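Below is the file start.txt, which contains compact mmCIF, C-alpha atoms.
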```txt
# COMPACT_ATOMS: atom_id res chain seq x y z
CA MET A 95 105.23 -12.01 77.11
CA THR A 96 108.80 -10.95 77.87
CA SER A 97 109.66 -7.97 80.06
CA SER A 98 111.08 -6.15 77.03
CA GLN A 99 107.81 -6.57 75.17
CA VAL A 100 105.79 -5.28 78.12
CA LEU A 101 108.05 -2.25 78.49
CA LEU A 102 107.84 -1.55 74.74
CA LEU A 103 104.06 -1.57 75.04
CA ALA A 104 104.31 0.84 77.99
CA LEU A 105 106.35 3.19 75.80
CA LEU A 106 103.90 2.82 72.91
CA ILE A 107 100.82 3.57 75.03
CA GLY A 108 102.66 6.75 75.96
CA VAL A 109 103.01 7.54 72.25
CA VAL A 110 99.24 7.16 71.97
CA SER A 111 98.92 9.68 74.79
CA GLY A 112 101.18 11.99 72.82
CA LEU A 113 98.71 11.86 69.94
CA ARG A 114 95.57 12.18 72.08
CA SER A 115 96.32 12.74 75.75
CA LEU A 116 93.13 11.21 77.12
CA THR A 117 92.74 8.33 74.68
CA ALA A 118 95.52 6.30 76.31
CA PRO A 119 94.10 6.36 79.86
CA ALA A 120 90.60 5.76 78.51
CA VAL A 121 91.79 2.67 76.65
CA VAL A 122 93.75 1.45 79.69
CA ALA A 123 90.70 2.00 81.92
CA TRP A 124 88.47 0.06 79.52
CA ALA A 125 91.04 -2.75 79.25
CA ALA A 126 91.32 -2.98 83.04
CA HIS A 127 87.55 -2.87 83.42
CA ARG A 128 87.19 -5.70 80.88
CA ASN A 129 90.02 -7.64 82.60
CA TRP A 130 92.32 -7.46 79.58
CA LEU A 131 94.82 -5.75 81.89
CA ASN A 132 95.20 -7.07 85.42
CA LEU A 133 95.46 -4.09 87.74
CA HIS A 134 93.91 -5.86 90.74
CA ASN A 135 95.70 -5.26 94.05
CA THR A 136 97.93 -2.55 92.57
CA ALA A 137 98.11 1.19 93.11
CA LEU A 138 96.28 1.53 89.78
CA SER A 139 93.33 -0.74 90.59
CA PHE A 140 91.06 2.34 90.48
CA MET A 141 91.54 2.39 86.69
CA ALA A 142 89.28 -0.68 86.42
CA SER A 143 86.37 1.05 88.13
CA THR A 144 83.24 2.04 86.27
CA ALA A 145 83.79 5.63 87.42
CA ALA A 146 87.29 5.75 85.90
CA VAL A 147 86.02 4.27 82.64
CA ALA A 148 83.19 6.82 82.48
CA ILE A 149 85.35 9.82 83.38
CA PHE A 150 88.26 8.99 81.06
CA THR A 151 85.91 8.07 78.19
CA LEU A 152 83.94 11.29 78.53
CA LEU A 153 87.11 13.37 78.71
CA ALA A 154 88.61 11.53 75.73
CA LEU A 155 85.48 12.22 73.66
CA VAL A 156 85.61 15.90 74.61
CA GLU A 157 89.27 15.99 73.60
CA LEU A 158 88.50 14.40 70.23
CA VAL A 159 86.09 17.25 69.51
CA ALA A 160 88.21 20.02 71.05
CA ASP A 161 91.24 18.96 69.01
CA LYS A 162 89.43 20.01 65.84
CA LEU A 163 88.72 23.56 67.04
CA PRO A 164 90.97 26.30 65.67
CA SER A 165 91.35 27.85 69.14
CA THR A 166 92.88 24.69 70.64
CA PRO A 167 96.52 25.29 71.57
CA SER A 168 99.29 23.13 70.15
CA ARG A 169 100.03 19.83 71.87
CA THR A 170 103.66 20.95 72.14
CA LYS A 171 102.82 23.96 74.32
CA PRO A 172 103.46 23.53 78.08
CA VAL A 173 99.89 22.71 79.16
CA GLY A 174 99.25 20.15 76.41
CA LEU A 175 102.71 18.63 76.71
CA THR A 176 102.40 18.34 80.50
CA ALA A 177 99.08 16.52 80.11
CA ARG A 178 100.66 14.12 77.65
CA ILE A 179 103.58 13.44 80.00
CA VAL A 180 101.37 12.83 83.04
CA LEU A 181 98.70 10.79 81.26
CA GLY A 182 101.29 8.88 79.23
CA GLY A 183 103.01 8.05 82.50
CA LEU A 184 99.77 6.87 84.08
CA SER A 185 98.94 4.73 81.05
CA GLY A 186 102.46 3.33 80.76
CA ALA A 187 102.42 2.44 84.44
CA GLY A 188 99.14 0.56 83.96
CA VAL A 189 100.48 -1.43 81.04
CA ALA A 190 103.76 -2.22 82.81
CA VAL A 191 102.23 -3.32 86.11
CA SER A 192 99.73 -5.47 84.25
CA GLY A 193 102.66 -7.24 82.65
CA ALA A 194 104.37 -7.76 86.05
CA GLN A 195 106.94 -5.04 85.43
CA SER A 196 107.99 -2.01 87.45
CA ILE A 197 105.25 0.58 87.82
CA VAL A 198 107.89 3.33 88.02
CA LEU A 199 109.71 2.19 84.89
CA GLY A 200 106.37 1.90 83.08
CA ALA A 201 105.48 5.44 84.14
CA VAL A 202 108.82 6.80 82.93
CA LEU A 203 108.53 4.99 79.60
CA GLY A 204 104.93 6.14 79.18
CA ALA A 205 105.96 9.74 79.89
CA VAL A 206 108.83 9.53 77.39
CA GLY A 207 106.41 8.04 74.86
CA GLY A 208 104.03 10.93 75.55
CA VAL A 209 106.71 13.47 74.65
CA ALA A 210 107.78 11.52 71.57
CA GLY A 211 104.19 11.06 70.41
CA ALA A 212 103.39 14.74 70.92
CA PHE A 213 106.26 16.03 68.80
CA ALA A 214 106.16 13.25 66.20
CA GLY A 215 102.38 13.53 65.91
CA TYR A 216 102.61 17.30 65.45
CA GLU A 217 105.25 16.95 62.73
CA VAL A 218 103.48 14.16 60.88
CA ARG A 219 100.13 15.94 61.01
CA THR A 220 101.42 19.30 59.76
CA ARG A 221 103.52 17.69 57.03
CA LEU A 222 100.66 15.48 55.82
CA VAL A 223 98.30 18.45 55.60
CA LYS A 224 100.83 20.31 53.45
CA ALA A 225 101.91 17.34 51.35
CA LEU A 226 98.39 16.06 50.64
CA LYS A 227 96.87 19.53 50.37
CA VAL A 228 93.88 18.46 52.45
CA PRO A 229 92.14 20.25 55.30
CA ASP A 230 93.64 19.69 58.75
CA LEU A 231 90.37 18.02 59.80
CA VAL A 232 91.00 15.11 57.45
CA VAL A 233 94.41 14.35 58.92
CA ALA A 234 93.15 14.99 62.47
CA LEU A 235 90.43 12.37 62.00
CA LEU A 236 93.00 9.93 60.65
CA GLU A 237 95.13 10.65 63.72
CA ASP A 238 92.11 9.87 65.93
CA VAL A 239 91.78 6.47 64.26
CA VAL A 240 95.49 5.75 64.72
CA ALA A 241 95.39 6.74 68.41
CA ILE A 242 92.26 4.74 69.24
CA GLY A 243 93.23 1.74 67.11
CA GLY A 244 96.80 1.77 68.35
CA GLY A 245 95.69 1.98 71.96
CA LEU A 246 93.29 -0.93 71.56
CA PHE A 247 95.95 -2.96 69.80
CA ILE A 248 98.43 -2.36 72.63
CA VAL A 249 96.10 -3.35 75.48
CA SER A 250 94.80 -6.38 73.59
CA ARG A 251 98.29 -7.96 73.65
CA PHE A 252 97.82 -9.13 77.24
```

Re-express the file's structure as structure tokens.
Amino acid sequence: MTSSQVLLLALLIGVVSGLRSLTAPAVVAWAAHRNWLNLHNTALSFMASTAAVAIFTLLALVELVADKLPSTPSRTKPVGLTARIVLGGLSGAGVAVSGAQSIVLGAVLGAVGGVAGAFAGYEVRTRLVKALKVPDLVVALLEDVVAIGGGLFIVSRF
């Protein structure tokens, strides 16, 4: 895999984080745990641990439920956007370092992808709800599938 391809995947895992902030690190943790991503002897080797897999998976599942609640703030508000930037950066760094690329560049690309995914995901979701005249839950569930499936697709490229 070329360096450009690896860095594109780092950006795209950030986009996944923009859709569902905790799905990206959960997928990266699972991929590292299953040795799809090689994070051995890196600053991110903790992501392959059983504890990291359990924590990120549990948090991602909670987020999938919380996202559907009417009281959940928008992903574009400061707290949600910050989470997407930080977790997109973490996930992008994991993908980049696994592909023998710069951990810092991967983190930056993942963070940028997190911002892009947050705003694009918000726009697509709200427009689909209006255009299709369906409840928000329907589109939110479709977004869950895209985030999980996209994340798994990205980490399975290694």

Contact residues around Tyr216 (chain A) with only C-alpha atoms at 8 Å, ignoring same-chain residues under 4 positions, as JSON, numbers by chain: {"A": [169, 170, 212, 220]}

Distance query Ala148 (chain A) at most 12 Å, only C-alpha atoms, self and fewer than 2 positions along chain excluded, as a PyMOL selection string: chain A and resi 119-121+123-124+127+141-146+150-155

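The residue that comes closest to Asn129 (chain A), out of A:Val173, A:Ser192, A:Leu236, A:Ser185 and on the basis of all atoms listed in the file, is A:Ser192.
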
Best match for closeness to Val156 (chain A) among A:Asn135, A:Thr117, A:Thr176, A:Ala190, counting all atoms listed in the file: A:Thr117

Selection: 8 Å around region 131-134 of chain A, all atoms listed in the file, excl. self and same-chain fewer than 6 positions, as a list in words: Val122, Ala125, Met141, Ala142, Gly188, Val189, Val191, Ser192, Gly193, Val249 and Phe252 of chain A

Residues within 12 Å of Leu113 (chain A), all atoms listed in the file, excluding chain neighbours under 2 positions, as a PyMOL selection string: chain A and resi 106-111+115-118+154+157-158+161+168-170+174-175+177-179+181-182+207-219+234-245

Who sits within 12 Å of Ser98 (chain A), all atoms listed in the file, same chain under 4 positions skipped, as number ranges by chain: A: 102-105, 190, 193-196, 199-200, 203

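Remark: for Gly186 (chain A), the closest of the candidate residues A:Lys171, A:Val147, A:Gly204, A:Ala126 is A:Gly204 (distances computed over all atoms listed in the file).
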
Minimum-distance residue to Ala137 (chain A), chosen among A:Val233, A:Ile197, A:Leu226, A:Ile248 (using only C-alpha atoms): A:Ile197

Atom-to-atom span, CA of Leu184 (chain A) and CA of Ala205 (chain A), Å: 8.0 Å

Atom-to-atom span, CA of Val180 (chain A) and CA of Leu222 (chain A), Å: 27.4 Å
